[in-house]
Every structure is written in C-alpha cells, then in structure tokens.
$ cat data14.pdb   # PDB, C-alpha atoms
ATOM      1  CA  MET F   1     -40.362 -37.906  61.113
ATOM      2  CA  THR F   2     -41.871 -34.395  60.870
ATOM      3  CA  VAL F   3     -41.903 -32.168  57.784
ATOM      4  CA  THR F   4     -39.410 -29.847  59.499
ATOM      5  CA  GLN F   5     -37.013 -32.737  60.199
ATOM      6  CA  THR F   6     -37.295 -33.874  56.568
ATOM      7  CA  VAL F   7     -36.523 -30.369  55.256
ATOM      8  CA  GLU F   8     -33.592 -29.942  57.643
ATOM      9  CA  GLY F   9     -32.242 -33.341  56.625
ATOM     10  CA  THR F  10     -32.476 -32.431  52.941
ATOM     11  CA  LEU F  11     -30.673 -29.135  53.552
ATOM     12  CA  ARG F  12     -27.856 -30.908  55.387
ATOM     13  CA  LEU F  13     -27.551 -33.432  52.548
ATOM     14  CA  ASN F  14     -27.442 -30.716  49.879
ATOM     15  CA  ALA F  15     -24.832 -28.772  51.839
ATOM     16  CA  ALA F  16     -22.660 -31.855  52.162
ATOM     17  CA  GLN F  17     -22.973 -32.606  48.463
ATOM     18  CA  SER F  18     -22.023 -29.084  47.371
ATOM     19  CA  ALA F  19     -19.066 -28.926  49.746
ATOM     20  CA  ASP F  20     -17.711 -32.073  48.116
ATOM     21  CA  LEU F  21     -17.450 -30.265  44.763
ATOM     22  CA  TYR F  22     -14.697 -27.801  45.704
ATOM     23  CA  ASP F  23     -11.797 -27.418  48.109
ATOM     24  CA  LEU F  24     -12.848 -25.016  50.863
ATOM     25  CA  SER F  25      -9.320 -24.890  52.262
ATOM     26  CA  ASN F  26      -7.929 -23.534  48.969
ATOM     27  CA  PHE F  27     -10.925 -21.831  47.352
ATOM     28  CA  SER F  28     -10.584 -19.599  44.278
ATOM     29  CA  PHE F  29     -13.160 -17.999  41.943
ATOM     30  CA  ALA F  30     -13.073 -18.064  38.144
ATOM     31  CA  PRO F  31     -11.664 -14.787  36.731
ATOM     32  CA  ILE F  32     -13.915 -11.998  35.473
ATOM     33  CA  ARG F  33     -13.487  -8.449  34.175
ATOM     34  CA  GLU F  34     -15.227  -5.625  36.003
ATOM     35  CA  SER F  35     -16.668  -4.316  32.718
ATOM     36  CA  THR F  36     -18.240  -7.719  32.087
ATOM     37  CA  VAL F  37     -20.219  -7.426  35.312
ATOM     38  CA  SER F  38     -21.471  -3.971  34.321
ATOM     39  CA  ARG F  39     -22.501  -5.138  30.862
ATOM     40  CA  GLU F  40     -24.389  -8.153  32.215
ATOM     41  CA  MET F  41     -26.383  -6.016  34.683
ATOM     42  CA  VAL F  42     -27.082  -3.091  32.366
ATOM     43  CA  THR F  43     -28.001  -5.196  29.331
ATOM     44  CA  ARG F  44     -30.518  -7.271  31.245
ATOM     45  CA  TYR F  45     -32.093  -4.318  33.020
ATOM     46  CA  MET F  46     -32.404  -2.222  29.883
ATOM     47  CA  ASN F  47     -33.851  -5.145  27.937
ATOM     48  CA  ASP F  48     -36.418  -5.578  30.713
ATOM     49  CA  MET F  49     -37.293  -1.861  30.521
ATOM     50  CA  LEU F  50     -37.797  -2.179  26.776
ATOM     51  CA  ASP F  51     -39.831  -5.359  27.117
ATOM     52  CA  TYR F  52     -42.083  -4.100  29.924
ATOM     53  CA  ALA F  53     -42.608  -0.578  28.524
ATOM     54  CA  GLU F  54     -45.959  -2.047  27.487
ATOM     55  CA  SER F  55     -47.291  -4.463  30.086
ATOM     56  CA  ASP F  56     -50.597  -6.235  30.531
ATOM     57  CA  VAL F  57     -50.690  -5.476  34.252
ATOM     58  CA  VAL F  58     -48.603  -3.120  36.364
ATOM     59  CA  ILE F  59     -48.732  -3.768  40.117
ATOM     60  CA  VAL F  60     -47.721  -0.778  42.217
ATOM     61  CA  GLY F  61     -46.306  -1.949  45.539
ATOM     62  CA  ALA F  62     -44.582  -5.232  46.353
ATOM     63  CA  GLY F  63     -46.035  -5.798  49.814
ATOM     64  CA  SER F  64     -48.075  -8.844  50.778
ATOM     65  CA  ALA F  65     -51.108  -7.770  48.706
ATOM     66  CA  GLY F  66     -49.055  -6.856  45.642
ATOM     67  CA  LEU F  67     -47.021 -10.054  45.718
ATOM     68  CA  SER F  68     -50.146 -12.162  46.229
ATOM     69  CA  CYS F  69     -51.709 -10.451  43.226
ATOM     70  CA  ALA F  70     -48.592 -11.063  41.146
ATOM     71  CA  TRP F  71     -48.513 -14.742  42.106
ATOM     72  CA  GLU F  72     -52.128 -15.242  41.075
ATOM     73  CA  LEU F  73     -51.745 -13.363  37.773
ATOM     74  CA  SER F  74     -48.527 -15.157  36.903
ATOM     75  CA  LYS F  75     -50.446 -18.421  36.574
ATOM     76  CA  ASN F  76     -51.499 -17.136  33.152
ATOM     77  CA  PRO F  77     -48.266 -17.474  31.145
ATOM     78  CA  ASP F  78     -49.554 -15.165  28.421
ATOM     79  CA  LEU F  79     -49.698 -12.139  30.739
ATOM     80  CA  LYS F  80     -46.794  -9.726  31.085
ATOM     81  CA  ILE F  81     -46.694  -8.442  34.678
ATOM     82  CA  ALA F  82     -44.507  -5.616  35.988
ATOM     83  CA  ILE F  83     -44.193  -4.949  39.720
ATOM     84  CA  LEU F  84     -42.993  -1.510  40.822
ATOM     85  CA  GLU F  85     -41.676  -1.055  44.366
ATOM     86  CA  GLN F  86     -40.261   2.218  45.679
ATOM     87  CA  SER F  87     -38.120   0.493  48.323
ATOM     88  CA  VAL F  88     -34.875  -1.317  47.610
ATOM     89  CA  SER F  89     -36.264  -4.249  49.604
ATOM     90  CA  PRO F  90     -39.684  -5.544  48.464
ATOM     91  CA  GLY F  91     -42.091  -7.021  50.973
ATOM     92  CA  GLY F  92     -43.599  -3.919  52.562
ATOM     93  CA  GLY F  93     -44.592  -4.482  56.181
ATOM     94  CA  ALA F  94     -44.724  -8.257  55.871
ATOM     95  CA  TRP F  95     -41.206  -8.989  57.115
ATOM     96  CA  LEU F  96     -42.446  -8.843  60.730
ATOM     97  CA  GLY F  97     -45.707  -9.201  62.610
ATOM     98  CA  GLY F  98     -47.078  -6.524  64.925
ATOM     99  CA  GLN F  99     -44.803  -4.181  66.923
ATOM    100  CA  LEU F 100     -41.699  -5.702  65.326
ATOM    101  CA  PHE F 101     -42.488  -9.197  66.659
ATOM    102  CA  SER F 102     -41.624 -12.168  64.451
ATOM    103  CA  ALA F 103     -44.749 -14.296  64.184
ATOM    104  CA  MET F 104     -47.382 -13.771  61.485
ATOM    105  CA  VAL F 105     -51.032 -14.484  62.345
ATOM    106  CA  VAL F 106     -53.351 -15.498  59.498
ATOM    107  CA  ARG F 107     -57.072 -16.054  60.005
ATOM    108  CA  LYS F 108     -58.742 -18.949  58.230
ATOM    109  CA  PRO F 109     -59.582 -19.660  55.443
ATOM    110  CA  ALA F 110     -56.609 -17.620  54.157
ATOM    111  CA  HIS F 111     -54.387 -20.499  55.329
ATOM    112  CA  LEU F 112     -55.336 -22.250  52.092
ATOM    113  CA  PHE F 113     -53.231 -19.683  50.239
ATOM    114  CA  LEU F 114     -50.303 -20.646  52.496
ATOM    115  CA  ASP F 115     -50.898 -24.308  51.629
ATOM    116  CA  GLU F 116     -50.642 -23.451  47.938
ATOM    117  CA  LEU F 117     -47.313 -21.715  48.567
ATOM    118  CA  GLU F 118     -46.147 -24.651  50.771
ATOM    119  CA  ILE F 119     -45.488 -22.420  53.784
ATOM    120  CA  GLN F 120     -45.441 -24.169  57.151
ATOM    121  CA  TYR F 121     -47.546 -22.899  60.035
ATOM    122  CA  GLU F 122     -48.989 -23.896  63.409
ATOM    123  CA  ASP F 123     -52.741 -24.525  63.323
ATOM    124  CA  LYS F 124     -54.525 -22.792  66.207
ATOM    125  CA  GLY F 125     -58.133 -23.532  65.253
ATOM    126  CA  ASP F 126     -59.659 -20.426  63.677
ATOM    127  CA  PHE F 127     -56.252 -19.076  62.726
ATOM    128  CA  VAL F 128     -52.722 -20.205  61.964
ATOM    129  CA  VAL F 129     -49.338 -18.818  62.972
ATOM    130  CA  ILE F 130     -46.235 -18.684  60.780
ATOM    131  CA  LYS F 131     -43.202 -18.732  63.065
ATOM    132  CA  HIS F 132     -41.645 -15.737  61.301
ATOM    133  CA  ALA F 133     -43.348 -13.346  58.896
ATOM    134  CA  ALA F 134     -40.201 -13.343  56.778
ATOM    135  CA  LEU F 135     -40.875 -16.991  55.955
ATOM    136  CA  PHE F 136     -44.027 -15.956  54.090
ATOM    137  CA  THR F 137     -42.481 -12.935  52.402
ATOM    138  CA  SER F 138     -39.269 -14.631  51.296
ATOM    139  CA  THR F 139     -41.180 -17.636  49.975
ATOM    140  CA  ILE F 140     -43.759 -15.766  47.902
ATOM    141  CA  LEU F 141     -41.125 -13.309  46.678
ATOM    142  CA  SER F 142     -38.902 -16.167  45.538
ATOM    143  CA  LYS F 143     -41.756 -17.950  43.783
ATOM    144  CA  VAL F 144     -43.008 -14.796  42.055
ATOM    145  CA  LEU F 145     -39.542 -13.830  40.818
ATOM    146  CA  GLN F 146     -39.033 -17.261  39.306
ATOM    147  CA  ARG F 147     -42.027 -16.755  37.021
ATOM    148  CA  PRO F 148     -40.837 -15.964  33.470
ATOM    149  CA  ASN F 149     -43.669 -13.457  32.893
ATOM    150  CA  VAL F 150     -42.974 -11.256  35.935
ATOM    151  CA  LYS F 151     -40.425  -8.460  36.347
ATOM    152  CA  LEU F 152     -39.838  -6.604  39.609
ATOM    153  CA  PHE F 153     -38.488  -3.061  39.312
ATOM    154  CA  ASN F 154     -37.542  -2.171  42.863
ATOM    155  CA  ALA F 155     -36.137   1.189  43.998
ATOM    156  CA  THR F 156     -38.593   2.575  41.433
ATOM    157  CA  ALA F 157     -41.332   5.009  42.399
ATOM    158  CA  VAL F 158     -44.631   5.690  40.671
ATOM    159  CA  GLU F 159     -44.925   9.466  40.497
ATOM    160  CA  ASP F 160     -48.160   9.708  38.537
ATOM    161  CA  LEU F 161     -50.676   7.878  36.366
ATOM    162  CA  ILE F 162     -51.269   7.874  32.636
ATOM    163  CA  VAL F 163     -54.952   8.791  32.228
ATOM    164  CA  ARG F 164     -56.762   9.098  28.912
ATOM    165  CA  ASN F 165     -60.419  10.142  28.867
ATOM    166  CA  GLY F 166     -60.959   8.931  32.410
ATOM    167  CA  VAL F 167     -59.254   5.569  31.845
ATOM    168  CA  VAL F 168     -56.015   4.683  33.641
ATOM    169  CA  ALA F 169     -53.595   3.504  30.957
ATOM    170  CA  GLY F 170     -50.278   3.143  32.792
ATOM    171  CA  VAL F 171     -47.892   4.716  35.273
ATOM    172  CA  VAL F 172     -45.264   7.447  35.389
ATOM    173  CA  THR F 173     -42.032   6.213  36.971
ATOM    174  CA  ASN F 174     -38.725   7.453  38.308
ATOM    175  CA  TRP F 175     -35.887   6.171  40.437
ATOM    176  CA  ALA F 176     -37.144   6.359  44.029
ATOM    177  CA  LEU F 177     -34.124   8.413  45.129
ATOM    178  CA  VAL F 178     -34.908  10.968  42.414
ATOM    179  CA  THR F 179     -38.563  11.115  43.477
ATOM    180  CA  LEU F 180     -37.552  11.738  47.082
ATOM    181  CA  ASN F 181     -35.200  14.566  46.064
ATOM    182  CA  HIS F 182     -37.173  16.579  43.514
ATOM    183  CA  ASP F 183     -37.109  19.562  45.880
ATOM    184  CA  THR F 184     -33.318  19.555  46.051
ATOM    185  CA  GLN F 185     -32.512  19.284  42.342
ATOM    186  CA  SER F 186     -33.500  20.856  39.036
ATOM    187  CA  CYS F 187     -36.255  19.195  36.999
ATOM    188  CA  MET F 188     -35.659  15.463  36.490
ATOM    189  CA  ASP F 189     -38.272  14.158  34.098
ATOM    190  CA  PRO F 190     -39.730  10.657  34.550
ATOM    191  CA  ASN F 191     -40.295   7.574  32.430
ATOM    192  CA  VAL F 192     -43.528   5.687  31.684
ATOM    193  CA  ILE F 193     -44.954   2.185  31.467
ATOM    194  CA  GLU F 194     -48.185   1.662  29.567
ATOM    195  CA  ALA F 195     -50.527  -0.981  30.964
ATOM    196  CA  LYS F 196     -53.940  -2.415  30.196
ATOM    197  CA  VAL F 197     -54.632  -2.589  33.941
ATOM    198  CA  VAL F 198     -52.907  -0.972  36.922
ATOM    199  CA  VAL F 199     -53.286  -2.618  40.345
ATOM    200  CA  SER F 200     -52.491  -0.172  43.139
ATOM    201  CA  THR F 201     -51.415  -1.795  46.426
ATOM    202  CA  CYS F 202     -49.594   1.135  48.017
ATOM    203  CA  GLY F 203     -50.817   0.564  51.563
ATOM    204  CA  HIS F 204     -52.315   3.009  54.025
ATOM    205  CA  ASP F 205     -51.350   6.653  54.323
ATOM    206  CA  GLY F 206     -47.636   7.355  54.721
ATOM    207  CA  PRO F 207     -44.639   8.837  52.858
ATOM    208  CA  MET F 208     -45.558   6.920  49.707
ATOM    209  CA  GLY F 209     -48.734   5.264  50.965
ATOM    210  CA  ALA F 210     -52.096   5.296  49.194
ATOM    211  CA  THR F 211     -50.543   7.279  46.340
ATOM    212  CA  GLY F 212     -52.806   5.712  43.723
ATOM    213  CA  VAL F 213     -56.108   6.760  45.278
ATOM    214  CA  LYS F 214     -54.667  10.123  46.358
ATOM    215  CA  ARG F 215     -53.894  10.896  42.733
ATOM    216  CA  LEU F 216     -57.352   9.770  41.606
ATOM    217  CA  GLU F 217     -58.861  12.097  44.212
ATOM    218  CA  SER F 218     -56.719  15.041  43.090
ATOM    219  CA  ILE F 219     -57.947  14.759  39.488
ATOM    220  CA  GLY F 220     -61.566  14.171  40.465
ATOM    221  CA  LEU F 221     -61.907  10.541  39.402
ATOM    222  CA  VAL F 222     -62.920   9.471  42.930
ATOM    223  CA  LYS F 223     -64.672  11.372  45.690
ATOM    224  CA  LYS F 224     -62.844  12.675  48.754
ATOM    225  CA  LEU F 225     -60.958   9.865  50.492
ATOM    226  CA  LYS F 226     -62.605   8.762  53.725
ATOM    227  CA  GLY F 227     -59.326   7.725  55.343
ATOM    228  CA  MET F 228     -58.614   4.572  57.302
ATOM    229  CA  SER F 229     -60.728   4.166  60.439
ATOM    230  CA  CYS F 230     -59.692   2.865  63.867
ATOM    231  CA  LEU F 231     -58.649  -0.722  64.442
ATOM    232  CA  ASP F 232     -61.260  -3.491  64.300
ATOM    233  CA  MET F 233     -59.727  -6.758  63.118
ATOM    234  CA  ASN F 234     -62.963  -8.648  62.538
ATOM    235  CA  ALA F 235     -64.592  -5.872  60.509
ATOM    236  CA  ALA F 236     -61.429  -4.731  58.739
ATOM    237  CA  GLU F 237     -60.290  -7.907  57.036
ATOM    238  CA  ASP F 238     -63.683  -8.755  55.550
ATOM    239  CA  ARG F 239     -64.203  -5.200  54.286
ATOM    240  CA  VAL F 240     -60.795  -4.904  52.655
ATOM    241  CA  VAL F 241     -61.392  -8.059  50.639
ATOM    242  CA  GLN F 242     -65.020  -7.231  49.854
ATOM    243  CA  GLU F 243     -64.157  -3.713  48.650
ATOM    244  CA  THR F 244     -61.169  -4.716  46.517
ATOM    245  CA  ARG F 245     -62.324  -3.645  43.066
ATOM    246  CA  GLU F 246     -61.738  -1.691  39.867
ATOM    247  CA  VAL F 247     -62.396   1.823  41.191
ATOM    248  CA  VAL F 248     -62.068   3.544  37.807
ATOM    249  CA  PRO F 249     -61.632   1.974  34.377
ATOM    250  CA  GLY F 250     -58.137   0.513  34.181
ATOM    251  CA  MET F 251     -57.256   0.763  37.894
ATOM    252  CA  VAL F 252     -57.817  -1.829  40.612
ATOM    253  CA  VAL F 253     -57.199  -0.981  44.274
ATOM    254  CA  ALA F 254     -56.240  -3.646  46.821
ATOM    255  CA  GLY F 255     -54.781  -4.085  50.302
ATOM    256  CA  MET F 256     -54.796  -1.319  52.873
ATOM    257  CA  GLU F 257     -55.146   1.308  50.158
ATOM    258  CA  VAL F 258     -58.787   0.176  50.052
ATOM    259  CA  ALA F 259     -59.190   1.333  53.667
ATOM    260  CA  GLU F 260     -57.886   4.810  52.808
ATOM    261  CA  LEU F 261     -60.368   5.034  49.958
ATOM    262  CA  ASP F 262     -63.457   3.694  51.716
ATOM    263  CA  GLY F 263     -62.866   4.378  55.425
ATOM    264  CA  ALA F 264     -62.534   0.722  56.435
ATOM    265  CA  PRO F 265     -60.959   0.044  59.841
ATOM    266  CA  ARG F 266     -57.296  -0.783  60.178
ATOM    267  CA  MET F 267     -56.701  -4.453  60.905
ATOM    268  CA  GLY F 268     -53.428  -4.402  62.799
ATOM    269  CA  PRO F 269     -51.112  -7.424  62.789
ATOM    270  CA  THR F 270     -53.253  -9.965  60.916
ATOM    271  CA  PHE F 271     -52.353 -10.632  57.323
ATOM    272  CA  GLY F 272     -54.942 -12.903  55.704
ATOM    273  CA  ALA F 273     -56.849 -10.012  54.141
ATOM    274  CA  MET F 274     -53.690  -8.865  52.361
ATOM    275  CA  PHE F 275     -53.296 -12.260  50.680
ATOM    276  CA  MET F 276     -56.984 -12.529  49.784
ATOM    277  CA  SER F 277     -57.280  -8.923  48.612
ATOM    278  CA  GLY F 278     -54.267  -9.420  46.358
ATOM    279  CA  GLN F 279     -55.673 -12.657  45.003
ATOM    280  CA  LYS F 280     -59.070 -11.054  44.390
ATOM    281  CA  ALA F 281     -57.396  -8.051  42.707
ATOM    282  CA  ALA F 282     -55.778 -10.460  40.259
ATOM    283  CA  HIS F 283     -59.167 -11.816  39.247
ATOM    284  CA  VAL F 284     -60.641  -8.314  39.025
ATOM    285  CA  ALA F 285     -57.775  -7.497  36.647
ATOM    286  CA  LEU F 286     -58.416 -10.679  34.657
ATOM    287  CA  LYS F 287     -62.085  -9.709  34.343
ATOM    288  CA  SER F 288     -61.092  -6.239  33.161
ATOM    289  CA  LEU F 289     -58.836  -7.844  30.548
ATOM    290  CA  GLY F 290     -61.679 -10.037  29.323
ATOM    291  CA  LEU F 291     -59.963 -13.206  30.507
ATOM    292  CA  PRO F 292     -61.302 -16.146  32.567
ATOM    293  CA  HIS F 293     -61.618 -15.261  36.255
ATOM    294  CA  LYS F 294     -63.094 -16.587  39.523
ATOM    295  CA  LEU F 295     -65.484 -13.713  40.255
ATOM    296  CA  HIS F 296     -69.259 -14.132  40.190
TER     297      HIS F 296
END
$ encode --input "data14.pdb" --output "structure tokens"
Amino acid sequence: MTVTQTVEGTLRLNAAQSADLYDLSNFSFAPIRESTVSREMVTRYMNDMLDYAESDVVIVGAGSAGLSCAWELSKNPDLKIAILEQSVSPGGGAWLGGQLFSAMVVRKPAHLFLDELEIQYEDKGDFVVIKHAALFTSTILSKVLQRPNVKLFNATAVEDLIVRNGVVAGVVTNWALVTLNHDTQSCMDPNVIEAKVVVSTCGHDGPMGATGVKRLESIGLVKKLKGMSCLDMNAAEDRVVQETREVVPGMVVAGMEVAELDGAPRMGPTFGAMFMSGQKAAHVALKSLGLPHKLH
C-alpha cells in the first residue's frame, strides 16, 4: 500500500465517522446572534494587534520565502512573530508553478525541507516535483498558522519603516485597500509595529514588490538597487540563498527581493531557493537577536 493510498483511506474513514455524528437529511445549525459573530472577530483581532504591537520579528510578505522563514523561527516558542501580507490570500506566487501550470519543481537538497513539512513529491534525481504547488503552500501555511507564537495580518500593507539612527526598528502599516487608494482620499494615517528584527521578503519589482529595499535606497541606507538580472536558474538560486543577509542593522532581506538589491538573475519556476532563503533568513534573524543559530 502506498502513502497516497493510506492517506486517502484515512480521509475516507474520517469522513464516514463525522457523517455518522449528525443527520445530513435533516441538518440544522446551533443558533447564534449576529452581534456575537462580530464581537468574536473584533475582540480577537484587536487583542492580536495589542499583543503584536511589539514583536520580536516582523516578516513582510507571506510568500514561499516569508512562510519558510516564519516556520523556522516559530520553532523557538519564546519568539513573537508577526507576518504582514498585503494580499487577502497569503502565499505569493507559490500557488502555481511557471506560466500558471500546476507542478512545482524543487532542486535538491531543498527537498529535505519538504520532508520536514511531510509534503509528498516525485523524485526525479537532481530535483523533485510536487504535483501541485498549492500542496506546498497550503501545507506550510496551515502549519505556520497553527503555531501559537505566530500571527498573520493579511490584507495589511507595510507603507514604511521605523528607522532610528540607521537601525530598522519596525514597520509602518495600513489596510492594503487604504494604501492602494491614498491618491483618491484625504490623509489616512497609518499604524505601527515595533520589532527587534524585520525580515523583508517582498519579492521582485512589482506593484508592492521589493518595497523594503526600495525604501532603504530612498533614505540612503543602501546604494542604488542593481535590479534583477535575466533568467539563469543555476546561478540564480545559489546567489539568492548566499546573499540572504542583514543588509542594515535590524533588517534582513530574503527571497527575490535579494535579486532586486544585488542584481542576481531571476530563477523562473524553481522554488527551492525561496525555501532555503527563508530558512537562512530565520537564522540570520536569530543571530541578530543574539540567539542560537545555524550560521557559521
């Protein structure tokens, strides 16, 4: 019996067991007041905003690099980790492979990260293939969100950084829909989250891409951005991981945002470097916090 057959058998068994607990032909929900629903949502969200107003690490961007970073950091239960994602749906570009195709290609040895997450794949020698990219993204997202020391604030944009004496000390936030409509409304001031370390994983250039390093450039904390170079898979993935680092005190850059900063090639539809860059960024952040890490 294969692993897939075992999983499918377990799912069928669980479905049968749950269906035995209620009458599907005469189903009815327990009563609830509409105001109760509002109170439950608002209370929890506002308590999270109060709790995470001071975080150990803020991760900007919930794509494959950001989620991989969050997963690695969350292994330390004493860390408070906030993830900020401008989109309603986290995951970035990792819901599909290249050109809207389903499969996700991951070059070895990044498959070891998939083993840790218990994600199935087909081994093709020097690389592995996940049958649908959404299998990776949904799995890591589910695991990260179950961690008690992680909070995801989606539909939330980072409009600016908190910088004190050349040290990044947090982020300036707003609802993403407000950020996208500043030109159509009167002034709508933002909110803030203080952080000991900010990890920027905003991706390559785009509507909200590479915003972390763009802001650092605009205030003179980094030199002029080199911009992402043309596609070269073999060169790109190694460079993105190698150049994942703390670029200024308090701010780590990971994922394709590294390419915009340093001029590394684009990698196209291979994803291993995103996992490894995110994982490395977590250990760079741990080092910055003075905590045990896996860097030499």
$ atom_distance --input "data14.pdb" --atom1 "atom CA of F:Met46" --atom2 "atom CA of F:Leu180"
22.7 Å
$ atom_distance --input "data14.pdb" --atom1 "atom CA of F:Ser35" --atom2 "atom CA of F:Met49"
20.9 Å
$ residues_near_point --input "data14.pdb" --point "(-58.4, -10.2, 53.8)" --cutoff "9 Å" --atoms "only C-alpha atoms" --output "VMD selection string"
chain F and resid 107 110 236 to 242 255 270 to 278
$ resolve_selection --input "data14.pdb" --expression "the PyMOL selection byres ((chain F and resi 90) around 8)" --output "count of residues only"
9
$ resolve_selection --input "data14.pdb" --expression "the PyMOL selection byres ((chain F and resi 287) around 12)" --output "tab-separated table (two decimals) with C-alpha atoms, in the frame of the given file"
chain	number	residue	atom	x	y	z
F	73	LEU	CA	-51.74	-13.36	37.77
F	196	LYS	CA	-53.94	-2.42	30.20
F	197	VAL	CA	-54.63	-2.59	33.94
F	245	ARG	CA	-62.32	-3.64	43.07
F	246	GLU	CA	-61.74	-1.69	39.87
F	249	PRO	CA	-61.63	1.97	34.38
F	250	GLY	CA	-58.14	0.51	34.18
F	252	VAL	CA	-57.82	-1.83	40.61
F	280	LYS	CA	-59.07	-11.05	44.39
F	281	ALA	CA	-57.40	-8.05	42.71
F	282	ALA	CA	-55.78	-10.46	40.26
F	283	HIS	CA	-59.17	-11.82	39.25
F	284	VAL	CA	-60.64	-8.31	39.02
F	285	ALA	CA	-57.78	-7.50	36.65
F	286	LEU	CA	-58.42	-10.68	34.66
F	288	SER	CA	-61.09	-6.24	33.16
F	289	LEU	CA	-58.84	-7.84	30.55
F	290	GLY	CA	-61.68	-10.04	29.32
F	291	LEU	CA	-59.96	-13.21	30.51
F	292	PRO	CA	-61.30	-16.15	32.57
F	293	HIS	CA	-61.62	-15.26	36.26
F	294	LYS	CA	-63.09	-16.59	39.52
F	295	LEU	CA	-65.48	-13.71	40.26
F	296	HIS	CA	-69.26	-14.13	40.19
$ resolve_selection --input "data14.pdb" --expression "the PyMOL selection byres ((chain F and resi 74-84) around 7)" --output "list of chain:residue names"
F:Tyr52, F:Ser55, F:Asp56, F:Val57, F:Val58, F:Ile59, F:Val60, F:Gly61, F:Ala62, F:Ala70, F:Trp71, F:Glu72, F:Leu73, F:Glu85, F:Gln86, F:Arg147, F:Asn149, F:Val150, F:Lys151, F:Leu152, F:Phe153, F:Asn154, F:Thr156, F:Ala157
$ residues_near_point --input "data14.pdb" --point "(-65.7, 11.9, 49.2)" --cutoff "12 Å" --atoms "only C-alpha atoms" --output "ChimeraX atom specification"
/F:213-214,216-218,220-227,260-263
$ atom_distance --input "data14.pdb" --atom1 "atom CA of F:Pro148" --atom2 "atom CA of F:Asp51"
12.4 Å
$ closest_residue --input "data14.pdb" --among "F:Val248, F:Ala155, F:Ser64, F:Ala19" --to "F:Gly93" --atoms "all atoms listed in the file"
F:Ser64
$ closest_residue --input "data14.pdb" --among "F:Pro269, F:Gln146, F:Val253, F:Ala176" --to "F:Ala94" --atoms "all atoms listed in the file"
F:Pro269
$ closest_residue --input "data14.pdb" --among "F:Ile193, F:Leu135, F:Ala103, F:Val247" --to "F:Ala169" --atoms "only C-alpha atoms"
F:Ile193
$ closest_residue --input "data14.pdb" --among "F:Ser38, F:Gln99, F:Gln185, F:Ser138" --to "F:Leu117" --atoms "only C-alpha atoms"
F:Ser138
$ axis_aligned_box --input "data14.pdb" --around "stretch 234-245 of chain F" --padding-each-side "5 Å" --output "lines of an AutoDock Vina configuration file"
center_x = -62.7
center_y = -6.2
center_z = 52.8
size_x = 14.7
size_y = 15.1
size_z = 29.5
$ closest_residue --input "data14.pdb" --among "F:Val42, F:Val105, F:Leu141, F:Met228" --to "F:Asp205" --atoms "all atoms listed in the file"
F:Met228
$ closest_residue --input "data14.pdb" --among "F:Tyr22, F:Ser142, F:Val171, F:Gly268" --to "F:Met104" --atoms "only C-alpha atoms"
F:Gly268
